[in-house]
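Structure file data26.pdb; described as PDB, C-alpha atoms, pLDDT in the B column.
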ATOM      1  CA  MET A  11     -52.797 -16.436   6.907  1.00 95.00           C
ATOM      2  CA  GLU A  12     -53.840 -20.067   6.906  1.00 98.00           C
ATOM      3  CA  PRO A  13     -54.820 -22.361   4.025  1.00 98.00           C
ATOM      4  CA  LEU A  14     -58.367 -21.524   2.958  1.00 98.00           C
ATOM      5  CA  LYS A  15     -60.768 -24.270   1.874  1.00 98.00           C
ATOM      6  CA  ILE A  16     -63.449 -22.983  -0.516  1.00 98.00           C
ATOM      7  CA  THR A  17     -66.535 -24.796  -1.783  1.00 98.00           C
ATOM      8  CA  ILE A  18     -68.089 -23.539  -5.016  1.00 98.00           C
ATOM      9  CA  PHE A  19     -71.710 -24.484  -5.633  1.00 98.00           C
ATOM     10  CA  GLN A  20     -72.542 -24.062  -9.317  1.00 98.00           C
ATOM     11  CA  ALA A  21     -76.273 -24.639  -8.911  1.00 97.00           C
ATOM     12  CA  TYR A  22     -79.316 -25.101 -11.108  1.00 97.00           C
ATOM     13  CA  LEU A  23     -81.835 -22.468 -10.013  1.00 97.00           C
ATOM     14  CA  PHE A  24     -85.632 -22.615 -10.208  1.00 97.00           C
ATOM     15  CA  TRP A  25     -87.237 -19.450 -11.559  1.00 96.00           C
ATOM     16  CA  GLU A  26     -88.597 -17.177  -8.805  1.00 97.00           C
ATOM     17  CA  ASN A  27     -89.221 -20.146  -6.508  1.00 97.00           C
ATOM     18  CA  VAL A  28     -87.612 -19.544  -3.136  1.00 97.00           C
ATOM     19  CA  GLU A  29     -88.952 -22.686  -1.466  1.00 97.00           C
ATOM     20  CA  LYS A  30     -87.802 -25.003  -4.239  1.00 97.00           C
ATOM     21  CA  ASN A  31     -84.370 -23.383  -4.535  1.00 98.00           C
ATOM     22  CA  LEU A  32     -83.668 -23.532  -0.812  1.00 98.00           C
ATOM     23  CA  GLN A  33     -84.825 -27.153  -0.678  1.00 97.00           C
ATOM     24  CA  ASN A  34     -82.618 -28.086  -3.632  1.00 96.00           C
ATOM     25  CA  LEU A  35     -79.617 -26.213  -2.254  1.00 97.00           C
ATOM     26  CA  SER A  36     -80.031 -27.937   1.100  1.00 97.00           C
ATOM     27  CA  LEU A  37     -80.271 -31.338  -0.559  1.00 97.00           C
ATOM     28  CA  ARG A  38     -77.192 -30.798  -2.712  1.00 95.00           C
ATOM     29  CA  LEU A  39     -75.159 -29.386   0.166  1.00 96.00           C
ATOM     30  CA  SER A  40     -75.927 -32.508   2.199  1.00 96.00           C
ATOM     31  CA  ALA A  41     -73.496 -34.314  -0.145  1.00 92.00           C
ATOM     32  CA  LEU A  42     -70.676 -32.173   1.238  1.00 92.00           C
ATOM     33  CA  LYS A  43     -68.665 -34.588   3.356  1.00 86.00           C
ATOM     34  CA  GLU A  44     -65.447 -32.672   3.990  1.00 90.00           C
ATOM     35  CA  LYS A  45     -64.955 -29.668   6.237  1.00 96.00           C
ATOM     36  CA  THR A  46     -64.815 -26.360   4.395  1.00 98.00           C
ATOM     37  CA  ASP A  47     -64.232 -22.748   5.405  1.00 98.00           C
ATOM     38  CA  LEU A  48     -66.415 -21.008   2.824  1.00 98.00           C
ATOM     39  CA  ILE A  49     -69.365 -21.987   0.631  1.00 98.00           C
ATOM     40  CA  ILE A  50     -70.131 -19.612  -2.258  1.00 98.00           C
ATOM     41  CA  LEU A  51     -73.500 -19.641  -4.058  1.00 98.00           C
ATOM     42  CA  PRO A  52     -74.541 -17.924  -7.335  1.00 98.00           C
ATOM     43  CA  GLU A  53     -76.148 -14.501  -7.697  1.00 98.00           C
ATOM     44  CA  MET A  54     -79.785 -14.442  -6.526  1.00 98.00           C
ATOM     45  CA  PHE A  55     -79.380 -18.071  -5.477  1.00 98.00           C
ATOM     46  CA  ASN A  56     -82.893 -18.272  -4.042  1.00 98.00           C
ATOM     47  CA  THR A  57     -84.788 -16.945  -7.097  1.00 98.00           C
ATOM     48  CA  GLY A  58     -82.570 -16.829 -10.165  1.00 97.00           C
ATOM     49  CA  PHE A  59     -81.765 -13.430 -11.683  1.00 97.00           C
ATOM     50  CA  THR A  60     -85.010 -11.461 -11.823  1.00 97.00           C
ATOM     51  CA  THR A  61     -86.273  -7.900 -11.559  1.00 96.00           C
ATOM     52  CA  ASN A  62     -89.637  -9.037 -10.186  1.00 96.00           C
ATOM     53  CA  VAL A  63     -88.902  -7.476  -6.831  1.00 97.00           C
ATOM     54  CA  GLU A  64     -92.515  -7.312  -5.656  1.00 94.00           C
ATOM     55  CA  LYS A  65     -92.673 -11.117  -5.708  1.00 96.00           C
ATOM     56  CA  CYS A  66     -89.121 -12.046  -4.781  1.00 97.00           C
ATOM     57  CA  ALA A  67     -87.744  -9.458  -2.348  1.00 98.00           C
ATOM     58  CA  GLU A  68     -87.195 -10.360   1.285  1.00 98.00           C
ATOM     59  CA  THR A  69     -86.031  -8.415   4.321  1.00 98.00           C
ATOM     60  CA  MET A  70     -82.871  -8.949   6.314  1.00 98.00           C
ATOM     61  CA  LYS A  71     -84.980 -10.959   8.778  1.00 97.00           C
ATOM     62  CA  GLY A  72     -86.606 -13.082   6.085  1.00 97.00           C
ATOM     63  CA  GLN A  73     -86.660 -16.759   5.215  1.00 98.00           C
ATOM     64  CA  THR A  74     -83.442 -16.821   3.171  1.00 98.00           C
ATOM     65  CA  MET A  75     -81.404 -15.031   5.829  1.00 98.00           C
ATOM     66  CA  HIS A  76     -82.557 -17.654   8.335  1.00 98.00           C
ATOM     67  CA  TRP A  77     -81.629 -20.375   5.838  1.00 98.00           C
ATOM     68  CA  LEU A  78     -78.128 -18.893   5.459  1.00 98.00           C
ATOM     69  CA  PHE A  79     -77.645 -18.815   9.220  1.00 98.00           C
ATOM     70  CA  GLU A  80     -78.904 -22.371   9.688  1.00 98.00           C
ATOM     71  CA  HIS A  81     -76.521 -23.726   7.046  1.00 98.00           C
ATOM     72  CA  ALA A  82     -73.533 -21.655   8.150  1.00 98.00           C
ATOM     73  CA  LYS A  83     -74.070 -23.003  11.664  1.00 98.00           C
ATOM     74  CA  SER A  84     -74.660 -26.565  10.476  1.00 96.00           C
ATOM     75  CA  TYR A  85     -71.514 -26.691   8.332  1.00 97.00           C
ATOM     76  CA  ALA A  86     -69.470 -24.525  10.726  1.00 97.00           C
ATOM     77  CA  CYS A  87     -68.329 -22.257   7.900  1.00 98.00           C
ATOM     78  CA  VAL A  88     -69.127 -19.011   6.148  1.00 98.00           C
ATOM     79  CA  ILE A  89     -71.809 -19.256   3.459  1.00 98.00           C
ATOM     80  CA  ALA A  90     -72.265 -16.443   0.932  1.00 98.00           C
ATOM     81  CA  GLY A  91     -74.307 -15.416  -2.091  1.00 98.00           C
ATOM     82  CA  SER A  92     -76.643 -12.654  -3.238  1.00 98.00           C
ATOM     83  CA  LEU A  93     -80.400 -12.203  -2.931  1.00 98.00           C
ATOM     84  CA  ILE A  94     -82.994  -9.460  -3.397  1.00 98.00           C
ATOM     85  CA  ILE A  95     -83.434  -7.379  -0.246  1.00 98.00           C
ATOM     86  CA  GLU A  96     -86.012  -4.663   0.410  1.00 98.00           C
ATOM     87  CA  GLU A  97     -84.896  -2.010   2.882  1.00 97.00           C
ATOM     88  CA  ASN A  98     -86.509   1.365   3.576  1.00 95.00           C
ATOM     89  CA  GLY A  99     -88.434   1.292   0.302  1.00 95.00           C
ATOM     90  CA  HIS A 100     -85.366   0.430  -1.795  1.00 97.00           C
ATOM     91  CA  TYR A 101     -84.390  -2.864  -3.414  1.00 98.00           C
ATOM     92  CA  TYR A 102     -80.828  -4.161  -3.410  1.00 98.00           C
ATOM     93  CA  ASN A 103     -79.029  -7.046  -5.100  1.00 98.00           C
ATOM     94  CA  ARG A 104     -77.253  -7.842  -1.864  1.00 98.00           C
ATOM     95  CA  PHE A 105     -74.292 -10.157  -1.317  1.00 98.00           C
ATOM     96  CA  VAL A 106     -74.530 -11.609   2.190  1.00 98.00           C
ATOM     97  CA  TRP A 107     -71.550 -13.132   4.012  1.00 98.00           C
ATOM     98  CA  MET A 108     -72.986 -15.210   6.856  1.00 98.00           C
ATOM     99  CA  TYR A 109     -70.824 -16.433   9.731  1.00 98.00           C
ATOM    100  CA  PRO A 110     -71.675 -19.580  11.737  1.00 98.00           C
ATOM    101  CA  ASP A 111     -72.573 -17.476  14.798  1.00 97.00           C
ATOM    102  CA  GLY A 112     -75.285 -15.596  12.891  1.00 97.00           C
ATOM    103  CA  SER A 113     -73.330 -12.387  12.394  1.00 97.00           C
ATOM    104  CA  PHE A 114     -73.013 -11.197   8.816  1.00 98.00           C
ATOM    105  CA  VAL A 115     -71.595  -8.554   6.500  1.00 98.00           C
ATOM    106  CA  HIS A 116     -73.178  -7.419   3.252  1.00 98.00           C
ATOM    107  CA  TYR A 117     -72.182  -5.762  -0.004  1.00 98.00           C
ATOM    108  CA  ASP A 118     -74.719  -4.165  -2.361  1.00 98.00           C
ATOM    109  CA  LYS A 119     -74.049  -4.652  -6.065  1.00 98.00           C
ATOM    110  CA  ARG A 120     -72.563  -1.457  -7.449  1.00 98.00           C
ATOM    111  CA  HIS A 121     -73.017  -1.913 -11.197  1.00 97.00           C
ATOM    112  CA  LEU A 122     -76.599  -2.685 -12.185  1.00 97.00           C
ATOM    113  CA  PHE A 123     -77.209  -4.435 -15.490  1.00 92.00           C
ATOM    114  CA  GLY A 124     -79.035  -1.903 -17.671  1.00 91.00           C
ATOM    115  CA  MET A 125     -79.613  -4.373 -20.520  1.00 90.00           C
ATOM    116  CA  GLY A 126     -81.705  -6.424 -18.095  1.00 88.00           C
ATOM    117  CA  ASN A 127     -83.433  -3.381 -16.533  1.00 92.00           C
ATOM    118  CA  GLU A 128     -81.784  -4.075 -13.200  1.00 95.00           C
ATOM    119  CA  ASP A 129     -81.013  -0.364 -12.915  1.00 95.00           C
ATOM    120  CA  GLN A 130     -84.716   0.472 -13.187  1.00 95.00           C
ATOM    121  CA  VAL A 131     -85.738  -1.307  -9.979  1.00 96.00           C
ATOM    122  CA  PHE A 132     -82.621  -1.696  -7.823  1.00 98.00           C
ATOM    123  CA  THR A 133     -80.562   0.838  -5.896  1.00 98.00           C
ATOM    124  CA  PRO A 134     -76.805   0.577  -6.496  1.00 97.00           C
ATOM    125  CA  GLY A 135     -74.351   0.082  -3.674  1.00 96.00           C
ATOM    126  CA  SER A 136     -71.984   2.901  -2.826  1.00 93.00           C
ATOM    127  CA  SER A 137     -69.055   1.213  -1.102  1.00 96.00           C
ATOM    128  CA  ARG A 138     -66.778  -1.800  -1.305  1.00 96.00           C
ATOM    129  CA  VAL A 139     -66.136  -4.101   1.601  1.00 97.00           C
ATOM    130  CA  VAL A 140     -63.160  -6.296   2.464  1.00 98.00           C
ATOM    131  CA  LEU A 141     -63.869  -9.290   4.679  1.00 97.00           C
ATOM    132  CA  GLN A 142     -61.576 -11.392   6.842  1.00 96.00           C
ATOM    133  CA  LEU A 143     -61.408 -15.178   6.990  1.00 98.00           C
ATOM    134  CA  LYS A 144     -58.443 -17.185   8.327  1.00 98.00           C
ATOM    135  CA  GLY A 145     -56.178 -14.199   7.711  1.00 98.00           C
ATOM    136  CA  TRP A 146     -57.319 -13.780   4.090  1.00 98.00           C
ATOM    137  CA  ARG A 147     -58.663 -10.413   2.990  1.00 98.00           C
ATOM    138  CA  ILE A 148     -61.610 -11.080   0.693  1.00 98.00           C
ATOM    139  CA  CYS A 149     -63.423  -8.592  -1.543  1.00 98.00           C
ATOM    140  CA  PRO A 150     -66.920  -9.618  -2.717  1.00 98.00           C
ATOM    141  CA  MET A 151     -68.464  -8.437  -5.985  1.00 98.00           C
ATOM    142  CA  VAL A 152     -71.629  -9.338  -7.907  1.00 98.00           C
ATOM    143  CA  CYS A 153     -71.788 -10.367 -11.587  1.00 97.00           C
ATOM    144  CA  TYR A 154     -71.799  -7.180 -13.737  1.00 97.00           C
ATOM    145  CA  ASP A 155     -69.177  -5.630 -11.416  1.00 98.00           C
ATOM    146  CA  LEU A 156     -66.720  -7.900 -13.257  1.00 98.00           C
ATOM    147  CA  ARG A 157     -66.790  -5.606 -16.300  1.00 98.00           C
ATOM    148  CA  PHE A 158     -65.535  -2.596 -14.364  1.00 97.00           C
ATOM    149  CA  PRO A 159     -61.847  -2.992 -13.446  1.00 97.00           C
ATOM    150  CA  VAL A 160     -61.550   0.349 -11.667  1.00 96.00           C
ATOM    151  CA  TRP A 161     -64.133  -0.716  -9.062  1.00 97.00           C
ATOM    152  CA  SER A 162     -62.386  -4.069  -8.662  1.00 96.00           C
ATOM    153  CA  ARG A 163     -58.860  -2.644  -8.518  1.00 97.00           C
ATOM    154  CA  ASN A 164     -56.628  -3.865  -5.696  1.00 97.00           C
ATOM    155  CA  VAL A 165     -55.567  -0.358  -4.678  1.00 96.00           C
ATOM    156  CA  GLY A 166     -52.962  -0.346  -1.931  1.00 93.00           C
ATOM    157  CA  ASP A 167     -52.890  -4.144  -1.724  1.00 96.00           C
ATOM    158  CA  ALA A 168     -56.330  -4.176  -0.091  1.00 96.00           C
ATOM    159  CA  TYR A 169     -57.264  -7.816  -0.643  1.00 98.00           C
ATOM    160  CA  ASP A 170     -55.934 -11.307  -1.401  1.00 98.00           C
ATOM    161  CA  LEU A 171     -59.043 -12.895  -2.895  1.00 98.00           C
ATOM    162  CA  LEU A 172     -61.689 -11.372  -5.163  1.00 98.00           C
ATOM    163  CA  VAL A 173     -65.061 -13.167  -5.326  1.00 98.00           C
ATOM    164  CA  TYR A 174     -67.744 -12.724  -7.995  1.00 98.00           C
ATOM    165  CA  THR A 175     -71.126 -14.345  -7.471  1.00 98.00           C
ATOM    166  CA  ALA A 176     -72.970 -14.307 -10.786  1.00 98.00           C
ATOM    167  CA  SER A 177     -75.793 -15.146 -13.176  1.00 98.00           C
ATOM    168  CA  TRP A 178     -73.754 -14.801 -16.363  1.00 98.00           C
ATOM    169  CA  PRO A 179     -75.500 -15.926 -19.596  1.00 97.00           C
ATOM    170  CA  ASP A 180     -73.906 -18.454 -21.907  1.00 98.00           C
ATOM    171  CA  LYS A 181     -74.027 -16.111 -24.923  1.00 97.00           C
ATOM    172  CA  ARG A 182     -71.448 -13.883 -23.190  1.00 97.00           C
ATOM    173  CA  SER A 183     -69.457 -16.718 -21.631  1.00 98.00           C
ATOM    174  CA  ALA A 184     -66.341 -15.791 -23.642  1.00 98.00           C
ATOM    175  CA  HIS A 185     -66.288 -12.469 -21.779  1.00 98.00           C
ATOM    176  CA  TRP A 186     -66.578 -14.288 -18.442  1.00 98.00           C
ATOM    177  CA  ARG A 187     -63.711 -16.605 -19.333  1.00 98.00           C
ATOM    178  CA  THR A 188     -61.555 -13.620 -20.326  1.00 98.00           C
ATOM    179  CA  LEU A 189     -62.346 -11.100 -17.614  1.00 98.00           C
ATOM    180  CA  ILE A 190     -61.888 -13.316 -14.565  1.00 98.00           C
ATOM    181  CA  PRO A 191     -58.265 -14.203 -15.461  1.00 98.00           C
ATOM    182  CA  ALA A 192     -57.679 -10.533 -16.294  1.00 98.00           C
ATOM    183  CA  ARG A 193     -58.870  -9.464 -12.835  1.00 98.00           C
ATOM    184  CA  ALA A 194     -56.598 -12.082 -11.221  1.00 98.00           C
ATOM    185  CA  ILE A 195     -53.484 -11.072 -13.159  1.00 98.00           C
ATOM    186  CA  GLU A 196     -53.890  -7.308 -12.884  1.00 97.00           C
ATOM    187  CA  ASN A 197     -54.709  -7.415  -9.163  1.00 97.00           C
ATOM    188  CA  GLN A 198     -52.231 -10.155  -8.182  1.00 97.00           C
ATOM    189  CA  ALA A 199     -54.976 -11.939  -6.285  1.00 98.00           C
ATOM    190  CA  TYR A 200     -56.900 -15.169  -6.508  1.00 98.00           C
ATOM    191  CA  VAL A 201     -60.247 -14.671  -8.209  1.00 98.00           C
ATOM    192  CA  VAL A 202     -63.246 -16.947  -7.734  1.00 98.00           C
ATOM    193  CA  GLY A 203     -66.293 -16.646  -9.997  1.00 98.00           C
ATOM    194  CA  VAL A 204     -69.426 -18.648  -9.154  1.00 98.00           C
ATOM    195  CA  ASN A 205     -72.071 -18.904 -11.875  1.00 98.00           C
ATOM    196  CA  ARG A 206     -75.329 -20.857 -12.233  1.00 98.00           C
ATOM    197  CA  VAL A 207     -76.534 -23.400 -14.803  1.00 98.00           C
ATOM    198  CA  GLY A 208     -79.809 -24.019 -16.650  1.00 97.00           C
ATOM    199  CA  HIS A 209     -82.514 -21.851 -18.216  1.00 96.00           C
ATOM    200  CA  ASP A 210     -84.401 -19.084 -16.431  1.00 96.00           C
ATOM    201  CA  GLY A 211     -87.998 -17.960 -16.903  1.00 94.00           C
ATOM    202  CA  ASN A 212     -87.004 -15.770 -19.839  1.00 93.00           C
ATOM    203  CA  GLU A 213     -85.368 -18.742 -21.604  1.00 95.00           C
ATOM    204  CA  VAL A 214     -81.905 -17.316 -20.980  1.00 96.00           C
ATOM    205  CA  TYR A 215     -79.385 -20.153 -20.778  1.00 98.00           C
ATOM    206  CA  TYR A 216     -76.571 -20.201 -18.229  1.00 98.00           C
ATOM    207  CA  SER A 217     -73.682 -22.585 -18.869  1.00 98.00           C
ATOM    208  CA  GLY A 218     -71.797 -22.243 -15.594  1.00 97.00           C
ATOM    209  CA  GLY A 219     -68.074 -21.906 -16.108  1.00 98.00           C
ATOM    210  CA  SER A 220     -67.434 -21.266 -12.429  1.00 98.00           C
ATOM    211  CA  MET A 221     -63.731 -20.970 -11.822  1.00 98.00           C
ATOM    212  CA  CYS A 222     -60.837 -20.060  -9.597  1.00 98.00           C
ATOM    213  CA  ILE A 223     -57.809 -18.373 -11.179  1.00 98.00           C
ATOM    214  CA  SER A 224     -54.454 -17.839  -9.479  1.00 98.00           C
ATOM    215  CA  PRO A 225     -52.611 -14.477  -9.364  1.00 97.00           C
ATOM    216  CA  GLY A 226     -50.453 -15.748 -12.210  1.00 96.00           C
ATOM    217  CA  GLY A 227     -53.431 -16.612 -14.386  1.00 97.00           C
ATOM    218  CA  ASP A 228     -53.354 -20.375 -13.791  1.00 97.00           C
ATOM    219  CA  VAL A 229     -56.592 -22.352 -13.542  1.00 98.00           C
ATOM    220  CA  VAL A 230     -57.198 -23.802 -10.083  1.00 97.00           C
ATOM    221  CA  TYR A 231     -60.750 -24.889 -10.930  1.00 97.00           C
ATOM    222  CA  TYR A 232     -63.047 -24.584 -13.942  1.00 98.00           C
ATOM    223  CA  LYS A 233     -66.403 -26.275 -14.573  1.00 97.00           C
ATOM    224  CA  PRO A 234     -68.697 -25.606 -17.564  1.00 96.00           C
ATOM    225  CA  GLU A 235     -72.284 -26.785 -18.097  1.00 94.00           C
ATOM    226  CA  ASP A 236     -73.127 -29.092 -15.181  1.00 94.00           C
ATOM    227  CA  GLU A 237     -74.285 -28.439 -11.659  1.00 96.00           C
ATOM    228  CA  ASP A 238     -71.246 -28.905  -9.448  1.00 96.00           C
ATOM    229  CA  LEU A 239     -70.279 -28.838  -5.792  1.00 96.00           C
ATOM    230  CA  TYR A 240     -66.501 -28.677  -5.580  1.00 96.00           C
ATOM    231  CA  THR A 241     -64.019 -27.939  -2.805  1.00 97.00           C
ATOM    232  CA  PHE A 242     -60.405 -26.813  -3.185  1.00 97.00           C
ATOM    233  CA  THR A 243     -57.755 -25.221  -0.987  1.00 98.00           C
ATOM    234  CA  LEU A 244     -55.825 -21.987  -1.494  1.00 98.00           C
ATOM    235  CA  ASN A 245     -52.346 -21.871   0.035  1.00 98.00           C
ATOM    236  CA  PRO A 246     -51.196 -18.436   1.258  1.00 98.00           C
ATOM    237  CA  ALA A 247     -47.544 -19.330   0.623  1.00 97.00           C
ATOM    238  CA  ASP A 248     -48.276 -19.558  -3.115  1.00 97.00           C
ATOM    239  CA  LEU A 249     -49.803 -16.079  -3.115  1.00 97.00           C
ATOM    240  CA  GLN A 250     -46.989 -14.596  -1.060  1.00 97.00           C
ATOM    241  CA  LYS A 251     -44.288 -16.129  -3.247  1.00 97.00           C
ATOM    242  CA  PHE A 252     -45.884 -14.893  -6.460  1.00 96.00           C
ATOM    243  CA  ARG A 253     -46.219 -11.351  -5.135  1.00 96.00           C
ATOM    244  CA  ALA A 254     -42.600 -11.412  -3.926  1.00 97.00           C
ATOM    245  CA  ASP A 255     -41.332 -12.684  -7.290  1.00 97.00           C
ATOM    246  CA  TYR A 256     -43.448 -10.205  -9.284  1.00 96.00           C
ATOM    247  CA  PRO A 257     -44.014  -7.087  -7.140  1.00 94.00           C
ATOM    248  CA  PHE A 258     -46.197  -5.267  -9.668  1.00 93.00           C
ATOM    249  CA  LEU A 259     -48.672  -3.894  -7.115  1.00 93.00           C
ATOM    250  CA  LYS A 260     -46.104  -1.490  -5.642  1.00 92.00           C
ATOM    251  CA  ASP A 261     -45.960   0.324  -8.999  1.00 94.00           C
ATOM    252  CA  ALA A 262     -49.739   0.657  -9.373  1.00 91.00           C
ATOM    253  CA  ASP A 263     -51.587   3.981  -9.338  1.00 92.00           C
ATOM    254  CA  ILE A 264     -53.047   5.012  -5.994  1.00 90.00           C
ATOM    255  CA  PHE A 265     -56.542   6.474  -6.223  1.00 90.00           C
ATOM    256  CA  SER A 266     -59.943   6.423  -4.530  1.00 86.00           C
ATOM    257  CA  LEU A 267     -63.495   6.490  -5.815  1.00 83.00           C
TER
END

How would this structure read if it were set down as C-alpha cells?
Amino acid sequence: MEPLKITIFQAYLFWENVEKNLQNLSLRLSALKEKTDLIILPEMFNTGFTTNVEKCAETMKGQTMHWLFEHAKSYACVIAGSLIIEENGHYYNRFVWMYPDGSFVHYDKRHLFGMGNEDQVFTPGSSRVVLQLKGWRICPMVCYDLRFPVWSRNVGDAYDLLVYTASWPDKRSAHWRTLIPARAIENQAYVVGVNRVGHDGNEVYYSGGSMCISPGGDVVYYKPEDEDLYTFTLNPADLQKFRADYPFLKDADIFSL
C-alpha cells in the first residue's frame, strides 16, 4: 500500500440540470492545483437527487460518462460519483469509478430510499464491489446504504476504505454525523462520506458535512454548509498500526449475504 491522496468535492448541485452541473463541476475542479489520486463527487452529481428518471437518466455511453472519462484523464486520477443510468429498461442509481484510461467499475445502490420513492422507480443492486487503488481496497456505497451496517460490514477484512457518496438532507444530519464514525470504528477502516450543499427542486436543504473518519473514530476532515474542494492524504502505516494494536476484526462474525 502507498499513501492515498483523496479529493472530496462537496458541491452545490443544480436541480435536474446536467449541462449546468457539469459546467460548474468542471469550473470548480479547475482550481485543483495539486496532484491527487481520487476525486469523489456527491450522489447524482449531475442532476441532484431526483426520481425523474425519464428526464435525467443516461446510458453508460452518455454525456456524463464521457465527462467522467475526460476529467479522469485530464487530472490523471480516478474520479467517482453516482448518476442515474438506464439499462435494459431498468433504472439504477449507479456509482461509477472511472480510471484515467477510460476503464471503469460500477456499483448499483443496494438500499433504495422508500421515503423519497426511490424504490418505486429504481432497481436495487445485488452485489458489493471492492476496488483497488495504490494497494488500497476500497468499497463504494451510496447514501442510504449507510443506515444498513450488515451490508457495509467488513467481513473477512475485505476492505481498507469505505466510501459513501450521498445526498443527505440537513434535517437528518445528526444521523449522518453519528453513522459514519460508527461504520469506521466497527469496521476498522477509514470512512469517507461526500455530501452536497444547497436546496433542491423540492426545497430540501443539504448542509454538507462531508467527512473522513479514521478507524479509531478520529476526524481527518469535516466540512459543514459550504461548497468545498479539499484534498488530504491517508497513510497506510496508520491503518496497519491501529489494526495491529486493536485486532478486533479477527473476532468478528463471518457471514455472507

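Environment of (-79.0, -5.6, -4.8): residues at most 8 Å away, judged by only C-alpha atoms, are Ser92, Leu93, Ile94, Ile95, Tyr101, Tyr102, Asn103, Arg104, Phe105, Asp118, Lys119, Phe132, Thr133, Pro134 and Gly135 of chain A.
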
Just to be explicit: take each residue in the selection above, keep C-alpha atoms, and write the result as a PDB file, in the coordinates of the input.
ATOM      1  CA  SER A  92     -76.643 -12.654  -3.238  1.00 98.00           C
ATOM      2  CA  LEU A  93     -80.400 -12.203  -2.931  1.00 98.00           C
ATOM      3  CA  ILE A  94     -82.994  -9.460  -3.397  1.00 98.00           C
ATOM      4  CA  ILE A  95     -83.434  -7.379  -0.246  1.00 98.00           C
ATOM      5  CA  TYR A 101     -84.390  -2.864  -3.414  1.00 98.00           C
ATOM      6  CA  TYR A 102     -80.828  -4.161  -3.410  1.00 98.00           C
ATOM      7  CA  ASN A 103     -79.029  -7.046  -5.100  1.00 98.00           C
ATOM      8  CA  ARG A 104     -77.253  -7.842  -1.864  1.00 98.00           C
ATOM      9  CA  PHE A 105     -74.292 -10.157  -1.317  1.00 98.00           C
ATOM     10  CA  ASP A 118     -74.719  -4.165  -2.361  1.00 98.00           C
ATOM     11  CA  LYS A 119     -74.049  -4.652  -6.065  1.00 98.00           C
ATOM     12  CA  PHE A 132     -82.621  -1.696  -7.823  1.00 98.00           C
ATOM     13  CA  THR A 133     -80.562   0.838  -5.896  1.00 98.00           C
ATOM     14  CA  PRO A 134     -76.805   0.577  -6.496  1.00 97.00           C
ATOM     15  CA  GLY A 135     -74.351   0.082  -3.674  1.00 96.00           C
TER      16      GLY A 135
END

Step by step, work through what the PyMOL selection byres ((chain A and resi 199) around 7) selects in the shown file, and finish by giving those residues as a ChimeraX atom specification.
/A:170-172,194,197-198,200-201,224-225

What would the file look like if the residues just selected were written as a PDB file, in the frame of the given file with C-alpha atoms?
ATOM      1  CA  ASP A 170     -55.934 -11.307  -1.401  1.00 98.00           C
ATOM      2  CA  LEU A 171     -59.043 -12.895  -2.895  1.00 98.00           C
ATOM      3  CA  LEU A 172     -61.689 -11.372  -5.163  1.00 98.00           C
ATOM      4  CA  ALA A 194     -56.598 -12.082 -11.221  1.00 98.00           C
ATOM      5  CA  ASN A 197     -54.709  -7.415  -9.163  1.00 97.00           C
ATOM      6  CA  GLN A 198     -52.231 -10.155  -8.182  1.00 97.00           C
ATOM      7  CA  TYR A 200     -56.900 -15.169  -6.508  1.00 98.00           C
ATOM      8  CA  VAL A 201     -60.247 -14.671  -8.209  1.00 98.00           C
ATOM      9  CA  SER A 224     -54.454 -17.839  -9.479  1.00 98.00           C
ATOM     10  CA  PRO A 225     -52.611 -14.477  -9.364  1.00 97.00           C
TER      11      PRO A 225
END

Expected selection from the PyMOL selection byres ((chain A and resi 242) around 7), given as a list of chain:residue names:
A:Lys15, A:Ile16, A:Thr17, A:Tyr240, A:Thr241, A:Thr243, A:Leu244

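Proximity ranking of A:Cys66, A:Val131, A:Ile223, A:Ala192 relative to Pro159 of chain A places A:Ala192 first, based on only C-alpha atoms.
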
Residues picked by the PyMOL selection byres ((chain A and resi 204-220) around 10) here, as a compact mmCIF listing (two decimals) with C-alpha atoms, keeping the file's coordinate frame?
# COMPACT_ATOMS: atom_id res chain seq x y z
CA ILE A 18 -68.09 -23.54 -5.02
CA PHE A 19 -71.71 -24.48 -5.63
CA GLN A 20 -72.54 -24.06 -9.32
CA ALA A 21 -76.27 -24.64 -8.91
CA TYR A 22 -79.32 -25.10 -11.11
CA LEU A 23 -81.83 -22.47 -10.01
CA PHE A 24 -85.63 -22.62 -10.21
CA TRP A 25 -87.24 -19.45 -11.56
CA GLU A 26 -88.60 -17.18 -8.80
CA ILE A 50 -70.13 -19.61 -2.26
CA LEU A 51 -73.50 -19.64 -4.06
CA PRO A 52 -74.54 -17.92 -7.34
CA GLU A 53 -76.15 -14.50 -7.70
CA MET A 54 -79.78 -14.44 -6.53
CA PHE A 55 -79.38 -18.07 -5.48
CA THR A 57 -84.79 -16.94 -7.10
CA GLY A 58 -82.57 -16.83 -10.16
CA PHE A 59 -81.76 -13.43 -11.68
CA THR A 60 -85.01 -11.46 -11.82
CA GLY A 91 -74.31 -15.42 -2.09
CA VAL A 152 -71.63 -9.34 -7.91
CA CYS A 153 -71.79 -10.37 -11.59
CA VAL A 173 -65.06 -13.17 -5.33
CA TYR A 174 -67.74 -12.72 -8.00
CA THR A 175 -71.13 -14.34 -7.47
CA ALA A 176 -72.97 -14.31 -10.79
CA SER A 177 -75.79 -15.15 -13.18
CA TRP A 178 -73.75 -14.80 -16.36
CA PRO A 179 -75.50 -15.93 -19.60
CA ASP A 180 -73.91 -18.45 -21.91
CA LYS A 181 -74.03 -16.11 -24.92
CA ARG A 182 -71.45 -13.88 -23.19
CA SER A 183 -69.46 -16.72 -21.63
CA ALA A 184 -66.34 -15.79 -23.64
CA TRP A 186 -66.58 -14.29 -18.44
CA ARG A 187 -63.71 -16.60 -19.33
CA ILE A 190 -61.89 -13.32 -14.56
CA VAL A 202 -63.25 -16.95 -7.73
CA GLY A 203 -66.29 -16.65 -10.00
CA MET A 221 -63.73 -20.97 -11.82
CA CYS A 222 -60.84 -20.06 -9.60
CA TYR A 231 -60.75 -24.89 -10.93
CA TYR A 232 -63.05 -24.58 -13.94
CA LYS A 233 -66.40 -26.28 -14.57
CA PRO A 234 -68.70 -25.61 -17.56
CA GLU A 235 -72.28 -26.78 -18.10
CA ASP A 236 -73.13 -29.09 -15.18
CA GLU A 237 -74.28 -28.44 -11.66
CA ASP A 238 -71.25 -28.90 -9.45

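Taking atom CA of Lys83 of chain A as the reference point, atom CA of Thr69 of chain A is found at 20.2 Å.
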
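Take atom CA of Glu68 of chain A and atom CA of Glu96 of chain A: the distance between them is 5.9 Å.
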